[in-house]
Amino acid sequence: MNKMNKMNKEQKIVICGAGGFIGSALVNTFREKGFTQLVAVDKKPMTRWYQRFPDVENLVLDLEAPDACNRALQGADVCYNLAADMGGMGFIELNKALCMLSVLINTNLLQSCRKFGVGRFFYASSACVYAGYKQLETENPGLKESDAYPADPEDGYGWEKLFSERMCRHFDEDFGVDTRVARFHNVYGPDGTFDGGREKAPAAICRKVIEAKLSGCHEIEIWGDGEQTRSFMYIDDCIEGIGRFMDGDVADAMNLGSDEMVTINQLVDMVEEIAGLKLKRNYKLDAPKGVRGRSSDNTMIKEKLGWAPSITLKEGLEKTYAWIYDQMTAHGSSKDAVVNIS
């Protein structure tokens, strides 16, 4: 059972970053569950929101500003913060300052939660908080929550996430703002970014394979040697996990990710099988590659919440590939993005 069924459907729920991939999926899930007091907030023009719903109060606000946060959260019962300037590793490594400015969003939202007595606050953190020295080998046993310290996170984006986690913890301890923190591991699925430079590896690989299939040029470019390891979480598992985090009583930051670890080459194998073709692989060894090995250890989430993401990568890729194929054959797609990972 989705844990959102246990929430009060008359509560005023504010989703920040609601114009993004995960945020819009969260809004839609609340709608489908019958929640009636939903506020969707994003700084992008509404024409650029991933999904937009007419039965929801939609606000275009830049949450880096305190007044915008106050406007969004006045009268709110619950706040979900998924707002951030981020993307795949190519974007993260080349936009460190932009990524770090997201600290203003979380800080100002917490201040507004304190001011208006918001009942519970969710913060979307990232596996990029984990220490780089724990991710030097492809055979990563899975990152435990304790592996974030001693701190050595991804420069820029990872530092912002780790700092904001601490901000949540201390607002909880000092001011009574009830916070929940999830460390997302590579979320993918339909309705997500698949080109333009911010896409994650599953969507980017699907796009590149489809381009090869449609063009007849059976080649694909991969950043790095393809032996980097990652785990990828399907969007439905992410949304279910968010509900369970908010329904639970665990204030400490926890992993929210799949523990099904694959190499990037294996990921390409899976998409090739779905597409029914084989491609020549061209490896761009000087491109941003991120850490060598990263996966989620799900021991704590199983112990604390009695649940963990379970949708297989093959199942999620089939649905993602089908959606991207439909988008590309209906509307076309830009050719300037490449496979990148975080």
# chains A, B, ... in the order shown; residues from 1 in each chain; ligands from 1
>>> residues_around(residues="A:Ser258", least_positions_apart="5", cutoff="10 Å", atoms="only C-alpha atoms", output="number ranges by chain")
A: 142, 184-187, 230-234, 237-238, 295-298, 308-313
>>> select_by_dssp(residues="stretch 19-90 of chain A", states="strand (DSSP E or B)", output="PyMOL selection string")
chain A and resi 37-42+57-60+78-81
>>> closest_atom_pairs(of="stretch 165-273 of chain A", to="stretch 28-45 of chain A", cutoff="12 Å", atoms="only C-alpha atoms", output="Markdown table")
| residue | atom | partner | partner_atom | distance |
| --- | --- | --- | --- | --- |
| A:Asp191 | CA | A:Asn28 | CA | 11.8 |
| A:Ile235 | CA | A:Thr29 | CA | 11.3 |
| A:Asp236 | CA | A:Thr29 | CA | 9.6 |
| A:Cys238 | CA | A:Thr29 | CA | 11.5 |
| A:Ile239 | CA | A:Thr29 | CA | 7.9 |
| A:Glu240 | CA | A:Thr29 | CA | 9.4 |
| A:Ile242 | CA | A:Thr29 | CA | 11.2 |
| A:Gly243 | CA | A:Phe30 | CA | 10.0 |
>>> residues_around(residues="stretch 71-80 of chain A", least_positions_apart="4", cutoff="10 Å", atoms="only C-alpha atoms", output="PyMOL selection string")
chain A and resi 8+10-18+23+26+37-41+59-61+63+66-67+109-110+112-113+115-124+178-180+242+246
